[in-house]
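First up is the structure itself, then whatever we jot down about it.
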Amino acid sequence: DGNGDILGLYTKSNIVKIVDNGGTLNIPAKVAGRTVVKIGGGTEDTPVVPSSERAWTSLSLPNTVTTINDYAFYKTTAQAQITIPATAIGIKAFYMSEITGVKVSEMNGTIGSYAFGKTTRIANVTLKGGESGLTISSVAFADTTATDVTVRGNVQINKKAFRNNASLKNINISGNVSIGESAFSGCSAVTNLKIGGTTNIESYAFDGLTSLKSL
């Protein structure tokens, strides 16, 4: 950008130099003296690292990174647990990837449509909104293999955000959370639903939870 910051960091090279012995993919804060602000080239062909790279199992982002761009980890085959401090996660950022879990803490910003849609190995989703609020866009977590979803803090869950998660068993929601229309529709395997402090629940938010045993 005009400040010389990097707004689309990605590589098509081997990533061995940025994966440590513990399997952490370390995104640098600076490259050639320029601050890394956004990662991923923003297209299906320019993920942060090649989707075929499986050597990493966790992700470390510097505090300079504010945005994970569209398609940043699109179809990645790495079976990684992801913790995200960024303020924006783009459309299809982890779409059809093989990540196994995601945790977002005190996030003020937006998780884009299909950001985690159709993830094929994900189990645990933990999302906490910050003071200014987290928005989970429509279909952001649609059609995944998630089994446990926890949402806390100041959060807006938009329409169909978690629809058709056929493996989902447990939903735990607390704080200043607004739940949009059909947000969890079609999650037919849910057996446990806990809701505390929610400000608004729209029509059909939990439609199709036919296995529910506790509320």
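In the structure tokens, chains take the letters A, B, ... in the order shown, each chain's residues start at 1, and ligands count up from 1 in the order shown.
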
* Find the residues around range 170-180 of chain A up to 7 Å (only C-alpha atoms counted), leave out those fewer than 6 positions away in its own chain, and share them as a PyMOL selection string. => chain A and resi 147-159+190-202+205

Write out the residues from the selection above, keeping N, CA and C atoms, as a short mmCIF file (atom, residue, chain, number, x, y, z; two decimals), in the first residue's frame.
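To be explicit, this is the file written out as selection.cif:
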```
data_model
loop_
_atom_site.label_atom_id
_atom_site.label_comp_id
_atom_site.auth_asym_id
_atom_site.auth_seq_id
_atom_site.Cartn_x
_atom_site.Cartn_y
_atom_site.Cartn_z
N THR A 147 -18.23 -30.83 15.40
CA THR A 147 -19.03 -31.55 16.39
C THR A 147 -19.39 -30.67 17.59
N ASP A 148 -18.56 -29.65 17.85
CA ASP A 148 -18.79 -28.77 19.00
C ASP A 148 -18.61 -27.32 18.57
N VAL A 149 -19.61 -26.47 18.87
CA VAL A 149 -19.54 -25.05 18.56
C VAL A 149 -19.81 -24.24 19.84
N THR A 150 -18.88 -23.35 20.17
CA THR A 150 -19.03 -22.45 21.31
C THR A 150 -18.93 -21.02 20.81
N VAL A 151 -19.92 -20.19 21.14
CA VAL A 151 -19.93 -18.79 20.74
C VAL A 151 -20.15 -17.94 21.99
N ARG A 152 -19.24 -16.98 22.22
CA ARG A 152 -19.34 -16.15 23.42
C ARG A 152 -19.06 -14.69 23.08
N GLY A 153 -19.42 -13.82 24.01
CA GLY A 153 -19.09 -12.40 23.87
C GLY A 153 -20.12 -11.65 23.05
N ASN A 154 -19.65 -10.61 22.38
CA ASN A 154 -20.50 -9.74 21.57
C ASN A 154 -20.46 -10.24 20.13
N VAL A 155 -21.50 -10.96 19.72
CA VAL A 155 -21.46 -11.65 18.43
C VAL A 155 -22.80 -11.54 17.68
N GLN A 156 -22.72 -11.31 16.39
CA GLN A 156 -23.86 -11.39 15.49
C GLN A 156 -23.68 -12.62 14.60
N ILE A 157 -24.58 -13.58 14.73
CA ILE A 157 -24.55 -14.77 13.87
C ILE A 157 -25.57 -14.55 12.76
N ASN A 158 -25.13 -14.43 11.55
CA ASN A 158 -26.02 -14.12 10.45
C ASN A 158 -26.75 -15.37 9.91
N LYS A 159 -27.65 -15.12 8.99
CA LYS A 159 -28.53 -16.12 8.42
C LYS A 159 -27.76 -17.35 7.90
N VAL A 190 -27.62 -32.57 16.65
CA VAL A 190 -27.41 -31.84 17.90
C VAL A 190 -28.22 -32.48 19.03
N THR A 191 -27.52 -32.81 20.13
CA THR A 191 -28.20 -33.37 21.31
C THR A 191 -28.20 -32.40 22.48
N ASN A 192 -27.25 -31.48 22.51
CA ASN A 192 -27.15 -30.54 23.64
C ASN A 192 -27.08 -29.10 23.13
N LEU A 193 -27.99 -28.27 23.63
CA LEU A 193 -28.04 -26.86 23.27
C LEU A 193 -28.12 -26.02 24.53
N LYS A 194 -27.10 -25.16 24.74
CA LYS A 194 -27.09 -24.28 25.90
C LYS A 194 -27.06 -22.83 25.42
N ILE A 195 -28.00 -22.03 25.91
CA ILE A 195 -28.09 -20.63 25.51
C ILE A 195 -28.20 -19.76 26.76
N GLY A 196 -27.29 -18.77 26.88
CA GLY A 196 -27.34 -17.87 28.01
C GLY A 196 -27.06 -16.43 27.60
N GLY A 197 -27.93 -15.52 27.95
CA GLY A 197 -27.70 -14.10 27.71
C GLY A 197 -27.95 -13.63 26.29
N THR A 198 -28.48 -14.50 25.44
CA THR A 198 -28.70 -14.13 24.04
C THR A 198 -29.73 -13.02 23.92
N THR A 199 -29.46 -12.06 23.05
CA THR A 199 -30.34 -10.89 22.94
C THR A 199 -31.49 -11.09 21.95
N ASN A 200 -31.28 -11.93 20.93
CA ASN A 200 -32.31 -12.08 19.91
C ASN A 200 -32.13 -13.40 19.16
N ILE A 201 -33.23 -14.09 18.95
CA ILE A 201 -33.21 -15.32 18.17
C ILE A 201 -34.27 -15.19 17.08
N GLU A 202 -33.85 -15.23 15.82
CA GLU A 202 -34.78 -15.05 14.72
C GLU A 202 -35.42 -16.38 14.29
N ALA A 205 -34.15 -20.38 13.63
CA ALA A 205 -32.72 -20.39 13.95
C ALA A 205 -32.22 -21.80 14.26
#
```

* To do: Show which residues sit within 9 Å of range 43-48 of chain A, as JSON, numbers by chain. Count only C-alpha atoms, and ignore same-chain residues fewer than 2 positions away.
  => {"A": [8, 9, 10, 11, 12, 39, 40, 41, 50, 51, 69, 70, 71, 72, 73, 74, 75, 76, 93]}

What does the file look like for those residues with N, CA, C and O atoms, as an mmCIF file, in the first residue's frame?
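Result saved to out-v1.cif:
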```cif
data_model
loop_
_atom_site.group_PDB
_atom_site.id
_atom_site.type_symbol
_atom_site.label_atom_id
_atom_site.label_comp_id
_atom_site.auth_asym_id
_atom_site.auth_seq_id
_atom_site.Cartn_x
_atom_site.Cartn_y
_atom_site.Cartn_z
ATOM 1 N N GLY A 8 -0.874 -8.657 0.783
ATOM 2 C CA GLY A 8 -1.243 -9.933 0.176
ATOM 3 C C GLY A 8 -0.090 -10.914 0.157
ATOM 4 O O GLY A 8 0.338 -11.364 -0.904
ATOM 5 N N LEU A 9 0.420 -11.278 1.325
ATOM 6 C CA LEU A 9 1.578 -12.168 1.405
ATOM 7 C C LEU A 9 1.201 -13.604 1.046
ATOM 8 O O LEU A 9 0.261 -14.171 1.583
ATOM 9 N N TYR A 10 1.945 -14.193 0.137
ATOM 10 C CA TYR A 10 1.783 -15.605 -0.185
ATOM 11 C C TYR A 10 3.063 -16.113 -0.830
ATOM 12 O O TYR A 10 3.909 -15.347 -1.272
ATOM 13 N N THR A 11 3.211 -17.432 -0.868
ATOM 14 C CA THR A 11 4.352 -18.041 -1.514
ATOM 15 C C THR A 11 3.916 -19.287 -2.271
ATOM 16 O O THR A 11 2.961 -19.957 -1.881
ATOM 17 N N LYS A 12 4.609 -19.585 -3.339
ATOM 18 C CA LYS A 12 4.385 -20.830 -4.081
ATOM 19 C C LYS A 12 5.573 -21.769 -3.921
ATOM 20 O O LYS A 12 5.668 -22.792 -4.595
ATOM 21 N N ILE A 39 -2.618 -11.389 4.706
ATOM 22 C CA ILE A 39 -1.981 -12.584 4.146
ATOM 23 C C ILE A 39 -2.913 -13.267 3.147
ATOM 24 O O ILE A 39 -4.130 -13.258 3.276
ATOM 25 N N GLY A 40 -2.303 -13.887 2.135
ATOM 26 C CA GLY A 40 -3.041 -14.497 1.045
ATOM 27 C C GLY A 40 -3.217 -13.517 -0.095
ATOM 28 O O GLY A 40 -3.400 -12.316 0.111
ATOM 29 N N GLY A 41 -3.132 -14.020 -1.315
ATOM 30 C CA GLY A 41 -3.214 -13.144 -2.485
ATOM 31 C C GLY A 41 -4.622 -12.764 -2.892
ATOM 32 O O GLY A 41 -4.819 -11.942 -3.789
ATOM 33 N N PRO A 50 1.151 -23.150 -0.548
ATOM 34 C CA PRO A 50 0.492 -24.112 -1.431
ATOM 35 C C PRO A 50 -0.424 -25.063 -0.660
ATOM 36 O O PRO A 50 -0.057 -25.558 0.412
ATOM 37 N N SER A 51 -1.598 -25.336 -1.190
ATOM 38 C CA SER A 51 -2.569 -26.170 -0.490
ATOM 39 C C SER A 51 -2.063 -27.587 -0.247
ATOM 40 O O SER A 51 -2.516 -28.270 0.671
ATOM 41 N N ASN A 69 -6.954 -12.801 4.040
ATOM 42 C CA ASN A 69 -7.671 -12.489 2.809
ATOM 43 C C ASN A 69 -8.535 -13.644 2.290
ATOM 44 O O ASN A 69 -8.397 -14.784 2.737
ATOM 45 N N ASP A 70 -9.394 -13.329 1.336
ATOM 46 C CA ASP A 70 -10.192 -14.351 0.662
ATOM 47 C C ASP A 70 -9.281 -15.477 0.159
ATOM 48 O O ASP A 70 -8.180 -15.220 -0.353
ATOM 49 N N TYR A 71 -9.708 -16.700 0.326
ATOM 50 C CA TYR A 71 -9.014 -17.889 -0.183
ATOM 51 C C TYR A 71 -7.613 -18.093 0.409
ATOM 52 O O TYR A 71 -6.805 -18.844 -0.152
ATOM 53 N N ALA A 72 -7.319 -17.468 1.540
ATOM 54 C CA ALA A 72 -5.955 -17.522 2.087
ATOM 55 C C ALA A 72 -5.462 -18.946 2.356
ATOM 56 O O ALA A 72 -4.291 -19.255 2.135
ATOM 57 N N PHE A 73 -6.340 -19.808 2.838
ATOM 58 C CA PHE A 73 -5.969 -21.204 3.092
ATOM 59 C C PHE A 73 -6.964 -22.145 2.392
ATOM 60 O O PHE A 73 -7.274 -23.220 2.882
ATOM 61 N N TYR A 74 -7.405 -21.733 1.256
ATOM 62 C CA TYR A 74 -8.373 -22.473 0.441
ATOM 63 C C TYR A 74 -7.861 -23.882 0.121
ATOM 64 O O TYR A 74 -6.740 -24.064 -0.359
ATOM 65 N N LYS A 75 -8.653 -24.869 0.490
ATOM 66 C CA LYS A 75 -8.347 -26.281 0.217
ATOM 67 C C LYS A 75 -7.018 -26.752 0.798
ATOM 68 O O LYS A 75 -6.423 -27.718 0.299
ATOM 69 N N THR A 76 -6.524 -26.095 1.848
ATOM 70 C CA THR A 76 -5.279 -26.575 2.441
ATOM 71 C C THR A 76 -5.478 -27.989 2.970
ATOM 72 O O THR A 76 -6.518 -28.332 3.528
ATOM 73 N N ALA A 93 -11.863 -18.236 3.119
ATOM 74 C CA ALA A 93 -10.468 -18.219 3.580
ATOM 75 C C ALA A 93 -9.946 -19.618 3.907
ATOM 76 O O ALA A 93 -8.786 -19.935 3.636
#
```

* Fewer than 2 positions away in the same chain doesn't count, so skip those; otherwise give me all residues within 6 Å of range 132-146 of chain A, counting only C-alpha atoms, as a PyMOL selection string. => chain A and resi 107-124+129-130+148+154-165+167-168

* Within 9 Å of Ser105 in chain A, counting only C-alpha atoms, which residues show up once you throw out same-chain ones fewer than 5 positions away? Write them as a list in words, please. => Thr83, Ile84, Pro85, Thr126, Leu127, Lys128, Gly129 and Gly130 of chain A

* To do: Measuring atom to atom with only C-alpha atoms, identify which of A:Gln79, A:Ser203, A:Thr66, A:Ser188 is nearest to Val37 in chain A.
  =>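 The closest residue to Val37 in chain A is A:Thr66.
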
* To do: Among the residues of range 159-207 of chain A, find those DSSP assigns to strand (DSSP E) from the backbone and print them as a PyMOL selection string.
  => chain A and resi 170-174+176-179+192-196+200-201

* To do: Please provide the set of residues having any atom within 8 Å of Phe206 in chain A, restricted to only C-alpha atoms, with same-chain residues fewer than 2 positions apart removed, written as a list in words.
  =>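 Close residues of Phe206 in chain A: Ser182, Ala183, Phe184, Ser185, Gly186, Cys187, Tyr204, Gly208 and Leu209 of chain A.
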
* Could you give me, as a PyMOL selection string, the residues within 6 Å of Val102 in chain A, counting only C-alpha atoms and dropping anything in the same chain fewer than 5 positions from it? => chain A and resi 81-83+125

Just the selected residues (all heavy atoms), exported as a compact mmCIF listing (two decimals), in the first residue's frame, please.
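Wrote selection27.txt, looks like this:
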```txt
# COMPACT_ATOMS: atom_id res chain seq x y z
N GLN A 81 -4.72 -27.16 13.85
CA GLN A 81 -5.55 -26.42 14.79
C GLN A 81 -5.20 -24.94 14.60
O GLN A 81 -4.03 -24.56 14.70
CB GLN A 81 -5.29 -26.85 16.22
CG GLN A 81 -5.85 -28.21 16.59
CD GLN A 81 -7.30 -28.14 17.04
OE1 GLN A 81 -7.83 -27.06 17.32
NE2 GLN A 81 -7.95 -29.28 17.08
N ILE A 82 -6.21 -24.11 14.37
CA ILE A 82 -5.97 -22.71 14.04
C ILE A 82 -6.46 -21.79 15.15
O ILE A 82 -7.61 -21.88 15.59
CB ILE A 82 -6.71 -22.33 12.73
CG1 ILE A 82 -6.33 -23.29 11.59
CG2 ILE A 82 -6.41 -20.89 12.35
CD1 ILE A 82 -4.91 -23.21 11.14
N THR A 83 -5.59 -20.88 15.61
CA THR A 83 -5.98 -19.82 16.53
C THR A 83 -5.76 -18.49 15.82
O THR A 83 -4.67 -18.24 15.30
CB THR A 83 -5.15 -19.86 17.83
OG1 THR A 83 -5.37 -21.12 18.47
CG2 THR A 83 -5.56 -18.74 18.77
N VAL A 125 -15.11 -25.66 17.13
CA VAL A 125 -15.18 -24.25 16.72
C VAL A 125 -15.46 -23.42 17.97
O VAL A 125 -16.50 -23.59 18.61
CB VAL A 125 -16.28 -24.02 15.68
CG1 VAL A 125 -16.39 -22.52 15.35
CG2 VAL A 125 -16.02 -24.83 14.42
```

* Asked: Got a sec: who's within 7 Å of Val65 in chain A, counting only C-alpha atoms, leaving out chain neighbours fewer than 5 positions off, as a list in words?
  ->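 In the requested form, the answer reads Val36, Val37, Lys38 and Ala86 of chain A.
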
* To do: Pick out the closest residue to Thr64 in chain A from this set: A:Val104, A:Asp5, A:Ser97, A:Ala78. Count only C-alpha atoms.
  => A:Asp5

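Of the residues under consideration (A:Thr87, A:Trp56, A:Ser13, A:Gly4), A:Gly4 shows the shortest atom-to-atom contact distance to Val31 in chain A when counting only C-alpha atoms.
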
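Pairwise distance (CA of Ala29 in chain A, CA of Ile6 in chain A) equals 9.8 Å.
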
* So how many Å separate CA of Leu61 in chain A and CA of Pro28 in chain A, to one decimal? ->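 Separation of CA of Leu61 in chain A and CA of Pro28 in chain A: 7.5 Å.
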
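The nearest approach to Gly33 in chain A among the residues A:Ser60, A:Asn3, A:Val19, A:Ser52, with only C-alpha atoms taken into account, belongs to A:Asn3.
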